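Student: So here's structure_38.cif, just mmCIF, C-alpha atoms:
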```cif
data_run
#
loop_
_atom_site.group_PDB
_atom_site.id
_atom_site.type_symbol
_atom_site.label_atom_id
_atom_site.label_comp_id
_atom_site.auth_asym_id
_atom_site.auth_seq_id
_atom_site.Cartn_x
_atom_site.Cartn_y
_atom_site.Cartn_z
ATOM 1 C CA MET A 1 -12.813 -9.410 32.024
ATOM 2 C CA SER A 2 -15.442 -6.734 32.607
ATOM 3 C CA ILE A 3 -15.553 -3.469 30.695
ATOM 4 C CA SER A 4 -17.242 -0.368 32.000
ATOM 5 C CA ARG A 5 -19.912 1.318 29.910
ATOM 6 C CA LYS A 6 -17.782 4.475 29.742
ATOM 7 C CA HIS A 7 -14.734 2.563 28.486
ATOM 8 C CA PHE A 8 -16.849 0.733 25.902
ATOM 9 C CA LEU A 9 -18.328 3.984 24.572
ATOM 10 C CA GLN A 10 -14.890 5.637 24.387
ATOM 11 C CA GLN A 11 -13.468 2.715 22.392
ATOM 12 C CA ALA A 12 -16.522 2.498 20.135
ATOM 13 C CA GLY A 13 -16.346 6.249 19.470
ATOM 14 C CA ALA A 14 -12.666 6.065 18.530
ATOM 15 C CA LEU A 15 -13.323 3.118 16.220
ATOM 16 C CA THR A 16 -16.256 4.891 14.561
ATOM 17 C CA LEU A 17 -14.178 8.025 14.004
ATOM 18 C CA GLY A 18 -11.379 5.989 12.434
ATOM 19 C CA PHE A 19 -13.732 4.173 10.080
ATOM 20 C CA SER A 20 -15.436 7.461 9.152
ATOM 21 C CA GLY A 21 -12.116 8.806 7.907
ATOM 22 C CA LEU A 22 -11.460 5.587 6.017
ATOM 23 C CA HIS A 23 -14.922 5.786 4.409
ATOM 24 C CA ILE A 24 -14.335 9.368 3.256
ATOM 25 C CA LEU A 25 -10.924 8.459 1.845
ATOM 26 C CA SER A 26 -12.140 5.319 0.077
ATOM 27 C CA SER A 27 -15.144 7.050 -1.476
ATOM 28 C CA CYS A 28 -13.092 9.714 -3.241
ATOM 29 C CA THR A 29 -13.680 7.886 -6.509
ATOM 30 C CA SER A 30 -16.374 5.494 -7.642
ATOM 31 C CA SER A 31 -13.850 2.649 -7.733
ATOM 32 C CA GLY A 32 -12.935 3.203 -4.086
ATOM 33 C CA ARG A 33 -9.405 4.264 -5.007
ATOM 34 C CA VAL A 34 -7.979 7.510 -3.748
ATOM 35 C CA ALA A 35 -8.107 10.025 -6.546
ATOM 36 C CA GLN A 36 -4.641 10.535 -8.029
ATOM 37 C CA LYS A 37 -5.214 14.294 -7.801
ATOM 38 C CA LEU A 38 -5.297 14.073 -3.976
ATOM 39 C CA ILE A 39 -1.900 12.404 -3.969
ATOM 40 C CA THR A 40 -0.135 14.409 -6.670
ATOM 41 C CA ASP A 41 -1.555 17.921 -6.134
ATOM 42 C CA PRO A 42 1.328 19.167 -3.958
ATOM 43 C CA PHE A 43 4.013 17.738 -6.269
ATOM 44 C CA GLY A 44 2.574 17.644 -9.774
ATOM 45 C CA PRO A 45 1.548 14.743 -12.013
ATOM 46 C CA LEU A 46 3.443 11.461 -12.020
ATOM 47 C CA GLN A 47 6.014 11.036 -14.784
ATOM 48 C CA SER A 48 6.399 7.681 -16.527
ATOM 49 C CA ASP A 49 9.513 5.807 -15.368
ATOM 50 C CA PRO A 50 11.499 4.435 -18.354
ATOM 51 C CA ALA A 51 12.606 1.504 -16.169
ATOM 52 C CA GLY A 52 8.982 0.735 -15.321
ATOM 53 C CA LEU A 53 9.551 0.639 -11.548
ATOM 54 C CA PHE A 54 8.324 3.872 -9.929
ATOM 55 C CA ASN A 55 6.371 6.693 -11.505
ATOM 56 C CA LEU A 56 7.290 9.831 -9.576
ATOM 57 C CA PRO A 57 6.539 13.548 -9.896
ATOM 58 C CA GLU A 58 8.972 15.664 -11.895
ATOM 59 C CA ALA A 59 12.250 16.433 -10.047
ATOM 60 C CA PHE A 60 11.825 13.351 -7.811
ATOM 61 C CA SER A 61 14.169 10.381 -8.155
ATOM 62 C CA TYR A 62 14.794 7.023 -6.538
ATOM 63 C CA ASN A 63 17.854 4.935 -5.818
ATOM 64 C CA ILE A 64 17.592 1.171 -5.299
ATOM 65 C CA ILE A 65 19.908 0.217 -2.457
ATOM 66 C CA SER A 66 19.023 -3.454 -1.965
ATOM 67 C CA THR A 67 17.377 -6.167 -4.045
ATOM 68 C CA PHE A 68 16.047 -9.636 -3.257
ATOM 69 C CA GLY A 69 18.753 -12.243 -3.804
ATOM 70 C CA ASP A 70 21.727 -9.860 -3.547
ATOM 71 C CA LYS A 71 24.608 -11.209 -1.486
ATOM 72 C CA MET A 72 24.919 -9.403 1.851
ATOM 73 C CA ASP A 73 28.134 -8.681 3.747
ATOM 74 C CA ASP A 74 27.622 -11.689 6.027
ATOM 75 C CA GLY A 75 27.422 -14.073 3.060
ATOM 76 C CA PHE A 76 23.651 -14.569 3.217
ATOM 77 C CA SER A 77 21.196 -13.471 0.518
ATOM 78 C CA VAL A 78 18.742 -10.602 0.859
ATOM 79 C CA PRO A 79 15.464 -12.374 1.710
ATOM 80 C CA HIS A 80 12.310 -11.746 -0.284
ATOM 81 C CA ARG A 81 9.128 -9.885 0.722
ATOM 82 C CA PRO A 82 10.360 -6.942 2.793
ATOM 83 C CA ASP A 83 7.579 -5.635 4.992
ATOM 84 C CA GLY A 84 7.411 -3.248 7.963
ATOM 85 C CA MET A 85 10.609 -1.285 8.536
ATOM 86 C CA ALA A 86 12.067 1.745 10.287
ATOM 87 C CA THR A 87 15.190 3.896 10.154
ATOM 88 C CA PHE A 88 17.337 5.091 13.038
ATOM 89 C CA PRO A 89 20.163 7.606 13.276
ATOM 90 C CA GLY A 90 23.503 5.804 13.391
ATOM 91 C CA PRO A 91 26.977 7.000 14.350
ATOM 92 C CA ASP A 92 28.870 9.492 12.188
ATOM 93 C CA GLY A 93 25.792 10.540 10.214
ATOM 94 C CA LEU A 94 24.923 7.003 9.078
ATOM 95 C CA THR A 95 21.338 5.774 8.825
ATOM 96 C CA ILE A 96 20.359 2.320 10.070
ATOM 97 C CA LEU A 97 17.436 0.666 8.299
ATOM 98 C CA ILE A 98 15.881 -2.435 9.862
ATOM 99 C CA ARG A 99 13.348 -4.284 7.747
ATOM 100 C CA ASN A 100 11.063 -7.258 8.272
ATOM 101 C CA HIS A 101 10.826 -10.126 5.802
ATOM 102 C CA GLU A 102 7.591 -12.078 5.478
ATOM 103 C CA VAL A 103 8.881 -15.120 3.620
ATOM 104 C CA ASN A 104 6.798 -17.808 1.927
ATOM 105 C CA ALA A 105 7.834 -21.106 3.529
ATOM 106 C CA ALA A 106 6.426 -23.085 0.589
ATOM 107 C CA LYS A 107 9.357 -22.013 -1.590
ATOM 108 C CA GLY A 108 11.856 -24.417 0.051
ATOM 109 C CA GLY A 109 14.253 -21.737 1.226
ATOM 110 C CA ALA A 110 14.533 -19.984 -2.141
ATOM 111 C CA GLU A 111 13.045 -16.752 -0.751
ATOM 112 C CA SER A 112 15.012 -16.869 2.504
ATOM 113 C CA ALA A 113 18.479 -15.596 3.388
ATOM 114 C CA PHE A 114 19.705 -19.195 3.234
ATOM 115 C CA GLY A 115 19.055 -19.985 -0.427
ATOM 116 C CA GLU A 116 17.605 -23.028 -2.137
ATOM 117 C CA ASP A 117 17.315 -26.029 0.211
ATOM 118 C CA PHE A 118 18.777 -23.877 3.022
ATOM 119 C CA ALA A 119 22.310 -24.378 1.703
ATOM 120 C CA LEU A 120 23.608 -21.387 3.719
ATOM 121 C CA ALA A 121 21.774 -22.181 6.983
ATOM 122 C CA GLY A 122 24.816 -24.055 8.330
ATOM 123 C CA ARG A 123 26.752 -20.787 8.439
ATOM 124 C CA LEU A 124 24.773 -19.801 11.547
ATOM 125 C CA ASP A 125 25.126 -21.577 14.867
ATOM 126 C CA PRO A 126 21.693 -23.078 15.783
ATOM 127 C CA GLY A 127 21.733 -20.932 18.926
ATOM 128 C CA GLU A 128 21.586 -17.794 16.789
ATOM 129 C CA PHE A 129 18.171 -18.716 15.347
ATOM 130 C CA TYR A 130 14.980 -17.949 17.238
ATOM 131 C CA ASP A 131 13.960 -21.399 15.931
ATOM 132 C CA PRO A 132 16.457 -23.534 13.989
ATOM 133 C CA GLY A 133 13.507 -25.736 12.995
ATOM 134 C CA GLN A 134 13.553 -29.484 12.478
ATOM 135 C CA ASP A 135 15.941 -31.215 10.045
ATOM 136 C CA ASN A 136 17.669 -28.075 8.720
ATOM 137 C CA ASN A 137 14.385 -26.291 8.123
ATOM 138 C CA PRO A 138 14.655 -23.000 10.027
ATOM 139 C CA GLY A 139 12.031 -20.303 10.013
ATOM 140 C CA GLN A 140 12.723 -18.347 6.841
ATOM 141 C CA GLY A 141 11.627 -14.852 7.803
ATOM 142 C CA GLY A 142 13.388 -12.489 10.163
ATOM 143 C CA THR A 143 14.957 -9.094 9.752
ATOM 144 C CA THR A 144 17.870 -7.608 7.863
ATOM 145 C CA THR A 145 19.774 -4.440 8.670
ATOM 146 C CA VAL A 146 21.182 -1.963 6.182
ATOM 147 C CA VAL A 147 23.728 0.608 7.325
ATOM 148 C CA TYR A 148 23.489 3.475 4.850
ATOM 149 C CA ASP A 149 25.813 6.417 4.288
ATOM 150 C CA THR A 150 23.266 9.164 3.678
ATOM 151 C CA GLU A 151 25.807 11.779 2.637
ATOM 152 C CA ASN A 152 27.503 9.602 0.008
ATOM 153 C CA GLN A 153 24.292 7.740 -0.886
ATOM 154 C CA LYS A 154 25.730 4.236 -0.567
ATOM 155 C CA VAL A 155 25.307 1.079 1.499
ATOM 156 C CA VAL A 156 28.090 0.606 4.047
ATOM 157 C CA ARG A 157 26.986 -2.790 5.308
ATOM 158 C CA GLU A 158 23.999 -5.145 4.994
ATOM 159 C CA PHE A 159 23.394 -8.226 7.135
ATOM 160 C CA LEU A 160 20.904 -10.661 8.651
ATOM 161 C CA SER A 161 19.848 -9.381 12.082
ATOM 162 C CA LEU A 162 17.127 -11.866 13.126
ATOM 163 C CA ALA A 163 16.745 -15.438 11.898
ATOM 164 C CA GLY A 164 14.463 -18.356 12.597
ATOM 165 C CA THR A 165 11.071 -16.659 12.525
ATOM 166 C CA ILE A 166 8.555 -16.850 9.688
ATOM 167 C CA ARG A 167 6.273 -13.982 8.790
ATOM 168 C CA ASN A 168 7.798 -10.837 10.221
ATOM 169 C CA CYS A 169 5.054 -8.507 9.125
ATOM 170 C CA ALA A 170 4.393 -5.426 11.228
ATOM 171 C CA GLY A 171 6.280 -3.776 14.031
ATOM 172 C CA GLY A 172 7.610 -0.347 14.725
ATOM 173 C CA PRO A 173 10.266 1.812 16.303
ATOM 174 C CA THR A 174 10.094 1.962 20.086
ATOM 175 C CA PRO A 175 10.617 4.995 22.345
ATOM 176 C CA TRP A 176 13.997 3.421 23.205
ATOM 177 C CA ASN A 177 15.266 3.813 19.631
ATOM 178 C CA SER A 178 14.982 0.123 18.805
ATOM 179 C CA TRP A 179 12.894 -1.903 16.364
ATOM 180 C CA LEU A 180 10.104 -4.209 17.501
ATOM 181 C CA THR A 181 9.357 -6.924 14.939
ATOM 182 C CA CYS A 182 6.029 -8.738 14.996
ATOM 183 C CA GLU A 183 5.572 -12.377 13.988
ATOM 184 C CA GLU A 184 2.320 -12.839 12.085
ATOM 185 C CA PHE A 185 2.309 -16.640 12.206
ATOM 186 C CA VAL A 186 1.157 -18.582 15.287
ATOM 187 C CA SER A 187 2.200 -22.204 15.756
ATOM 188 C CA ASN A 188 3.097 -24.804 18.346
ATOM 189 C CA PRO A 189 6.146 -27.046 17.884
ATOM 190 C CA ASP A 190 5.505 -29.642 15.191
ATOM 191 C CA ASP A 191 7.396 -31.658 12.578
ATOM 192 C CA MET A 192 8.766 -28.412 11.074
ATOM 193 C CA MET A 193 9.023 -25.918 13.941
ATOM 194 C CA GLY A 194 10.984 -26.560 17.104
ATOM 195 C CA ARG A 195 9.529 -23.683 19.140
ATOM 196 C CA ALA A 196 6.164 -22.021 19.527
ATOM 197 C CA LEU A 197 5.650 -18.882 17.464
#
```
Could I get this structure in the form of structure tokens?

Tutor:
Amino acid sequence: MSISRKHFLQQAGALTLGFSGLHILSSCTSSGRVAQKLITDPFGPLQSDPAGLFNLPEAFSYNIISTFGDKMDDGFSVPHRPDGMATFPGPDGLTILIRNHEVNAAKGGAESAFGEDFALAGRLDPGEFYDPGQDNNPGQGGTTTVVYDTENQKVVREFLSLAGTIRNCAGGPTPWNSWLTCEEFVSNPDDMMGRAL
């Protein structure tokens, strides 16, 4: 593939500009961390959280709506390592949250929606997995969906929405109001995986 000089210079200029901003941001303190003052100035200093989870500015609060290992409405467990996610407007004022899960395959299913030794994997028809894997060893990542009642501040429903992938890392909302998940792992079929990733 050939690249014109003009195209190369445009891309190089954009990259340089991006890294210039990153350099300025990372050099705000001698340790390379963004100075806390830059983050908290508009809202005030962070207050210590008695639960030790999130330090937030005064008058801010948080509400945990889902935790790793919780049982979802479809009978599966909330997988570990949530990653990229997006929210969408749902019907009747509901909010739909779709989140990636980048699960560590070395844990033998314990971090997946299927539990230790994939005990719950049989609840899904193999055709519903992107890759059911070999010998009851499906890809352990995927996505989950949370339907949230914003007005009443409660979860209406939570379920597995993509199964049989591995490291669903990045992604993003599309112009068509859908979520595009991105698999971080690349593999050909082998003794564990039945399909290429």

Student: Go through the shown structure with the PyMOL selection byres ((chain A and resi 76) around 9) and write out the matching residues as a list in words.

Tutor: Gly69, Asp70, Lys71, Met72, Asp73, Asp74, Gly75, Ser77, Val78, Pro79, Ser112, Ala113, Phe114, Gly115, Leu120, Ala121, Arg123, Phe159 and Leu160 of chain A

Student: What is the atom CA of Val155 of chain A to atom CA of Asp83 of chain A distance in Å?

Tutor: 19.3 Å

Student: Quick one: residues within 10 Å of Gly109 of chain A, only C-alpha atoms, excluding same-chain residues fewer than 6 positions away - as a ChimeraX atom specification?

Tutor: /A:79,103,115-121,137-141

Student: Could you name the residues that touch Phe88 of chain A at 10 Å or less, counting all atoms listed in the file, but leaving out those on the same chain fewer than 4 positions away, as a PyMOL selection string?

Tutor: chain A and resi 94-98+147+173+177-179

Student: Taking all atoms listed in the file into account, name the residue in A:Gly127, A:Ala110, A:Arg81, A:Phe185 that is nearest to Thr143 of chain A.

Tutor: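 Of all the options, A:Arg81 lies closest to Thr143 of chain A.
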
Student: Interatomic distance between atom CA of Ser66 of chain A and atom CA of Glu151 of chain A?

Tutor: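 So the answer is 17.3 Å.
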
Student: Which residues, named as in the file, does the PyMOL selection byres ((chain A and resi 102) around 8) pick out? Answer as a list in words.

Tutor: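 Output of the PyMOL selection byres ((chain A and resi 102) around 8): His80, Arg81, Pro82, Asp83, Asn100, His101, Val103, Asn104, Gly141, Gly142, Ile166, Arg167, Asn168 and Cys169 of chain A.
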
Student: One decimal, in Å: what's the spacing between atom CA of Thr144 of chain A and atom CA of Arg99 of chain A?

Tutor: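 It comes out at 5.6 Å.
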
Student: Using all atoms listed in the file, which of A:Tyr148, A:Gly44, A:Phe68, A:Thr165 sits nearest Thr181 of chain A?

Tutor: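 Smallest separation from Thr181 of chain A among the options: A:Thr165.
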
Student: Need to verify the contact set: Gly93 of chain A, 9 Å, only C-alpha atoms, exclusion of same-chain residues closer than 3 positions in sequence. Can you return it as a ChimeraX atom specification?

Tutor: /A:89-90,149-151

Student: Next, write the just-selected residues to a file, as a short mmCIF file (atom, residue, chain, number, x, y, z; two decimals), in the coordinates of the input, keeping C-alpha atoms as the atom set.

Tutor:
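Output contents, as saved in selection_23.cif:
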```cif
data_model
loop_
_atom_site.label_atom_id
_atom_site.label_comp_id
_atom_site.auth_asym_id
_atom_site.auth_seq_id
_atom_site.Cartn_x
_atom_site.Cartn_y
_atom_site.Cartn_z
CA PRO A 89 20.16 7.61 13.28
CA GLY A 90 23.50 5.80 13.39
CA ASP A 149 25.81 6.42 4.29
CA THR A 150 23.27 9.16 3.68
CA GLU A 151 25.81 11.78 2.64
#
```

Student: Check the smallest atom-to-atom distance from each of A:Val146, A:Ala163, A:Val156, A:Ala59 to Phe129 of chain A using only C-alpha atoms, then report the winner.

Tutor: A:Ala163

Student: With 10 Å as the threshold, what does the neighbourhood of (19.1, 5.7, -4.3) contain in terms of residues, counting only C-alpha atoms? Coordinates are those of the file; answer as a list of chain:residue names.

Tutor: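 Residues with an atom at most 10 Å from (19.1, 5.7, -4.3): A:Ser61, A:Tyr62, A:Asn63, A:Ile64, A:Ile65, A:Ser66, A:Thr150, A:Gln153, A:Lys154, A:Val155.
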
Student: Output C-alpha atoms of each residue in that selection to a file, as a PDB file, in the frame of the given file.

Tutor:
```pdb
ATOM      1  CA  SER A  61      14.169  10.381  -8.155  1.00  0.00           C
ATOM      2  CA  TYR A  62      14.794   7.023  -6.538  1.00  0.00           C
ATOM      3  CA  ASN A  63      17.854   4.935  -5.818  1.00  0.00           C
ATOM      4  CA  ILE A  64      17.592   1.171  -5.299  1.00  0.00           C
ATOM      5  CA  ILE A  65      19.908   0.217  -2.457  1.00  0.00           C
ATOM      6  CA  SER A  66      19.023  -3.454  -1.965  1.00  0.00           C
ATOM      7  CA  THR A 150      23.266   9.164   3.678  1.00  0.00           C
ATOM      8  CA  GLN A 153      24.292   7.740  -0.886  1.00  0.00           C
ATOM      9  CA  LYS A 154      25.730   4.236  -0.567  1.00  0.00           C
ATOM     10  CA  VAL A 155      25.307   1.079   1.499  1.00  0.00           C
TER      11      VAL A 155
END
```

Student: Counting all atoms listed in the file, figure out which residue out of A:Pro45, A:Gly164, A:Ser187, A:Met85 gets nearest to Asp125 of chain A.

Tutor: A:Gly164
